[in-house]
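Working notes for the structure below.
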Amino acid sequence: ETGVTQTPRHLVMGMTNKKSLKCEQHLGHNAMYWYKQSAKKPLELMFVYSLEERVENNSVPSRFSPECPNSSHLFLHLHTLQPEDSALYLCASSQESRRTDTQYFGPGTRLTVL
Amino acid sequence: GENVEQHPSTLSVQEGDSAVIKCTYSDSASNYFPWYKQELGKGPQLIIDIRSNVGEKKDQRIAVTLNKTAKHFSLHITETQPEDSAVYFCAANKETSYGKLTFGQGTILTVHP
C-alpha cells in the first residue's frame, strides 16, 4: 500500500444529496491533491493543498468543495452533483507541492451520481 | 498550459516481448516526467521517473528515455510478464508549478502468457 487511504471506496448518490469523500495520508507529507479520473479521459487535477492552504483550483465547479483541516487529512464535499460527475476520485500526497516531488495515490473512491 | 499526448491507447504483446509507450509534451519548461502504472481497483503507482538533466534511466526491466529537443519521452518494458498488464500513464510537470502533473490519456497494456 502507498500510505494514502480513501473512504468510502464506493459511493452512490442522488443529485440532491450531500456527501463527503475522505483522504488520509500516513507519509508525513505536506501537500495533498484531488484528481478526477473519468473513462477515456486523462486524470484531471482538481485541487492542490500545501500546508493546509489551497494553492491550486483547476476551474472546478463550486458543487465540489475541498477542505484540508491538517496536513494529513483532505476532504471533498459534494452537493447537487450531476450524472457527468460520476468518476473515480483520487487523492494523492507528496512531500512538497512546489517541487517536482513524487505523488503517491490512494485507491480512489468510485462515485456514481444517479 | 501543458498538453501531453500518449500513444498507443492499447498495446498487446506476448510474454517475453518488449513493450514501448511514447509520450509527447508541449511545454518546453517541463522538466519532470513520471510514469505511473494503474491496476484494476487501485490508484496509479509510480514505476519510474526522469528529470530533464538525464537522457535515460533504467530500473531492472523498465527504462525511460527523454528527448528534450523533440519534447518526447518513452517507457520501455523488456521481458514482459502477465503481471505487467495494466494501464500506464505518462505525465509532465515543471519546478515552478504547484505539483501540477499533466497526464497522458493512458495505455492499456495486455501481456498474453
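Each chain in the C-alpha cells gets a letter, A, B, ..., in the order shown, and its residues are numbered from 1; ligands are numbered from 1 in order too.
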Compute the set of chain B residues within 10 Å of chain A, using only C-alpha atoms, and express it as an NGL selection string. :B and (4-6 or 9 or 31-34 or 36 or 38-46 or 48-49 or 51 or 89-106)
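Within the 12 Å cut-off around Val12 (chain A), using only C-alpha atoms and omitting residues fewer than 6 positions from it on the same chain, the listed residues are Lys18, Lys19, Ser20, Leu21, Leu78, Leu81, Pro83, Asp85, Ser86, Ala87, Leu88, Thr109, Arg110, Leu111, Thr112, Val113 and Leu114 of chain A.
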Selected residues written out, all heavy atoms, as a short mmCIF file (atom, residue, chain, number, x, y, z; two decimals), in the first residue's frame:
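The file below, selection22.cif, is the result:
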```
data_model
loop_
_atom_site.label_atom_id
_atom_site.label_comp_id
_atom_site.auth_asym_id
_atom_site.auth_seq_id
_atom_site.Cartn_x
_atom_site.Cartn_y
_atom_site.Cartn_z
N LYS A 18 -25.97 15.33 -0.26
CA LYS A 18 -24.69 15.90 0.13
C LYS A 18 -23.86 14.78 0.74
O LYS A 18 -24.34 14.08 1.64
CB LYS A 18 -24.88 17.00 1.18
CG LYS A 18 -25.49 18.27 0.67
CD LYS A 18 -25.52 19.33 1.78
CE LYS A 18 -26.14 20.61 1.29
NZ LYS A 18 -26.15 21.65 2.35
N LYS A 19 -22.66 14.61 0.25
CA LYS A 19 -21.78 13.58 0.78
C LYS A 19 -20.36 14.14 0.83
O LYS A 19 -20.06 15.17 0.23
CB LYS A 19 -21.80 12.34 -0.12
CG LYS A 19 -23.13 11.63 -0.21
CD LYS A 19 -23.42 10.84 1.05
CE LYS A 19 -24.73 10.06 0.90
NZ LYS A 19 -25.09 9.34 2.13
N SER A 20 -19.49 13.41 1.53
CA SER A 20 -18.08 13.81 1.60
C SER A 20 -17.17 12.63 1.36
O SER A 20 -17.45 11.51 1.79
CB SER A 20 -17.78 14.41 2.98
OG SER A 20 -18.50 15.60 3.18
N LEU A 21 -16.09 12.89 0.66
CA LEU A 21 -15.02 11.91 0.47
C LEU A 21 -13.89 12.26 1.42
O LEU A 21 -13.59 13.44 1.63
CB LEU A 21 -14.52 11.92 -0.97
CG LEU A 21 -15.54 11.84 -2.09
CD1 LEU A 21 -14.84 11.77 -3.44
CD2 LEU A 21 -16.49 10.69 -1.89
N LEU A 78 -19.34 17.13 -1.46
CA LEU A 78 -20.09 17.08 -2.71
C LEU A 78 -21.55 17.48 -2.46
O LEU A 78 -22.17 17.02 -1.50
CB LEU A 78 -20.07 15.64 -3.25
CG LEU A 78 -18.72 14.91 -3.21
CD1 LEU A 78 -18.92 13.44 -3.57
CD2 LEU A 78 -17.75 15.58 -4.14
N LEU A 81 -24.65 17.27 -7.23
CA LEU A 81 -23.83 16.83 -8.35
C LEU A 81 -24.68 16.45 -9.55
O LEU A 81 -25.90 16.26 -9.43
CB LEU A 81 -22.98 15.63 -7.92
CG LEU A 81 -21.90 15.88 -6.86
CD1 LEU A 81 -20.97 14.68 -6.77
CD2 LEU A 81 -21.11 17.14 -7.15
N PRO A 83 -24.97 13.83 -13.14
CA PRO A 83 -24.55 12.48 -13.57
C PRO A 83 -23.15 12.47 -14.21
O PRO A 83 -22.40 11.50 -14.04
CB PRO A 83 -25.64 12.06 -14.56
CG PRO A 83 -26.86 12.78 -14.08
CD PRO A 83 -26.36 14.11 -13.59
N ASP A 85 -20.66 13.89 -13.25
CA ASP A 85 -19.64 13.91 -12.21
C ASP A 85 -19.26 12.50 -11.75
O ASP A 85 -18.33 12.33 -10.95
CB ASP A 85 -20.12 14.72 -11.01
CG ASP A 85 -20.33 16.19 -11.34
OD1 ASP A 85 -19.53 16.75 -12.13
OD2 ASP A 85 -21.32 16.78 -10.84
N SER A 86 -19.97 11.51 -12.25
CA SER A 86 -19.63 10.12 -11.93
C SER A 86 -18.22 9.83 -12.45
O SER A 86 -17.92 10.08 -13.62
CB SER A 86 -20.63 9.16 -12.58
OG SER A 86 -21.92 9.38 -12.08
N ALA A 87 -17.37 9.34 -11.56
CA ALA A 87 -15.96 9.12 -11.92
C ALA A 87 -15.25 8.47 -10.74
O ALA A 87 -15.85 8.26 -9.68
CB ALA A 87 -15.27 10.44 -12.27
N LEU A 88 -13.97 8.19 -10.93
CA LEU A 88 -13.11 7.75 -9.83
C LEU A 88 -12.38 8.99 -9.31
O LEU A 88 -11.73 9.70 -10.08
CB LEU A 88 -12.09 6.72 -10.33
CG LEU A 88 -11.15 6.13 -9.28
CD1 LEU A 88 -11.92 5.24 -8.30
CD2 LEU A 88 -10.03 5.33 -9.95
N THR A 109 -12.07 6.72 -4.77
CA THR A 109 -13.49 6.50 -4.46
C THR A 109 -14.25 6.48 -5.77
O THR A 109 -14.19 7.44 -6.53
CB THR A 109 -14.05 7.62 -3.56
OG1 THR A 109 -13.42 7.59 -2.30
CG2 THR A 109 -15.57 7.45 -3.39
N ARG A 110 -14.93 5.37 -6.04
CA ARG A 110 -15.75 5.27 -7.26
C ARG A 110 -17.11 5.90 -6.96
O ARG A 110 -17.89 5.38 -6.19
CB ARG A 110 -15.91 3.80 -7.66
CG ARG A 110 -16.86 3.55 -8.81
CD ARG A 110 -16.33 4.08 -10.12
NE ARG A 110 -15.10 3.43 -10.54
CZ ARG A 110 -14.39 3.81 -11.59
NH1 ARG A 110 -14.79 4.82 -12.33
NH2 ARG A 110 -13.29 3.17 -11.92
N LEU A 111 -17.38 7.04 -7.58
CA LEU A 111 -18.62 7.79 -7.35
C LEU A 111 -19.57 7.62 -8.51
O LEU A 111 -19.19 7.80 -9.67
CB LEU A 111 -18.30 9.28 -7.17
CG LEU A 111 -19.50 10.21 -7.06
CD1 LEU A 111 -20.26 9.96 -5.77
CD2 LEU A 111 -19.07 11.67 -7.13
N THR A 112 -20.80 7.28 -8.17
CA THR A 112 -21.87 7.20 -9.17
C THR A 112 -22.98 8.15 -8.76
O THR A 112 -23.48 8.08 -7.63
CB THR A 112 -22.43 5.77 -9.26
OG1 THR A 112 -21.38 4.87 -9.58
CG2 THR A 112 -23.51 5.69 -10.34
N VAL A 113 -23.32 9.07 -9.66
CA VAL A 113 -24.39 10.04 -9.41
C VAL A 113 -25.60 9.65 -10.24
O VAL A 113 -25.51 9.56 -11.47
CB VAL A 113 -23.94 11.47 -9.76
CG1 VAL A 113 -25.06 12.47 -9.45
CG2 VAL A 113 -22.67 11.83 -9.01
N LEU A 114 -26.70 9.39 -9.55
CA LEU A 114 -27.90 8.94 -10.26
C LEU A 114 -28.82 10.13 -10.62
O LEU A 114 -28.83 11.14 -9.93
CB LEU A 114 -28.67 7.94 -9.40
CG LEU A 114 -27.87 6.69 -8.99
CD1 LEU A 114 -28.70 5.84 -8.04
CD2 LEU A 114 -27.48 5.89 -10.22
#
```
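We find CA of Ser59 (chain A) and CA of Gln6 (chain A) to be spaced 23.2 Å apart.
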From a backbone DSSP assignment, name each residue in chain A labelled strand (DSSP E or B), as a PyMOL selection string. chain A and resi 4-7+10-13+18-25+31-37+44-50+53-57+64-70+73-79+87-94+104-105+109-113
Hey, what's within 6 Å of region 12-27 of chain B if we count only C-alpha atoms and toss same-chain stuff fewer than 4 positions away? As a PDB file with C-alpha atoms, in the first residue's frame, please?
```
ATOM      1  CA  GLU B   2       0.844  21.823 -20.792  1.00  0.00           C
ATOM      2  CA  ASN B   3      -0.586  19.160 -23.096  1.00  0.00           C
ATOM      3  CA  VAL B   4       0.592  15.543 -23.036  1.00  0.00           C
ATOM      4  CA  GLU B   5      -0.198  13.100 -25.820  1.00  0.00           C
ATOM      5  CA  GLN B   6       0.279   9.363 -25.258  1.00  0.00           C
ATOM      6  CA  HIS B   7       0.386   6.512 -27.797  1.00  0.00           C
ATOM      7  CA  LYS B  71       9.807  17.060 -26.471  1.00  0.00           C
ATOM      8  CA  HIS B  72       9.083  13.388 -26.195  1.00  0.00           C
ATOM      9  CA  PHE B  73       9.773  10.598 -23.728  1.00  0.00           C
ATOM     10  CA  SER B  74       9.192   6.868 -23.832  1.00  0.00           C
ATOM     11  CA  LEU B  75       8.695   3.929 -21.495  1.00  0.00           C
ATOM     12  CA  HIS B  76      10.377   0.643 -22.390  1.00  0.00           C
ATOM     13  CA  ILE B  77       9.467  -2.626 -20.681  1.00  0.00           C
ATOM     14  CA  THR B  78      11.606  -5.627 -21.577  1.00  0.00           C
ATOM     15  CA  GLU B  79      10.848  -9.318 -20.992  1.00  0.00           C
ATOM     16  CA  THR B  80       7.207  -8.548 -20.301  1.00  0.00           C
ATOM     17  CA  GLN B  81       5.254 -10.711 -17.877  1.00  0.00           C
ATOM     18  CA  LEU B 109      -1.077  -2.945 -21.867  1.00  0.00           C
ATOM     19  CA  THR B 110      -2.046  -6.610 -22.129  1.00  0.00           C
ATOM     20  CA  VAL B 111       0.646  -9.271 -21.865  1.00  0.00           C
ATOM     21  CA  HIS B 112      -0.516 -12.658 -23.114  1.00  0.00           C
ATOM     22  CA  PRO B 113       1.020 -15.735 -21.489  1.00  0.00           C
TER      23      PRO B 113
END
```
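One distance worth recording is that between CA of Gln82 (chain A) and CA of Arg63 (chain A), which is 9.2 Å.
You will find CA of Cys23 (chain A) at 8.2 Å from CA of Ser72 (chain A).
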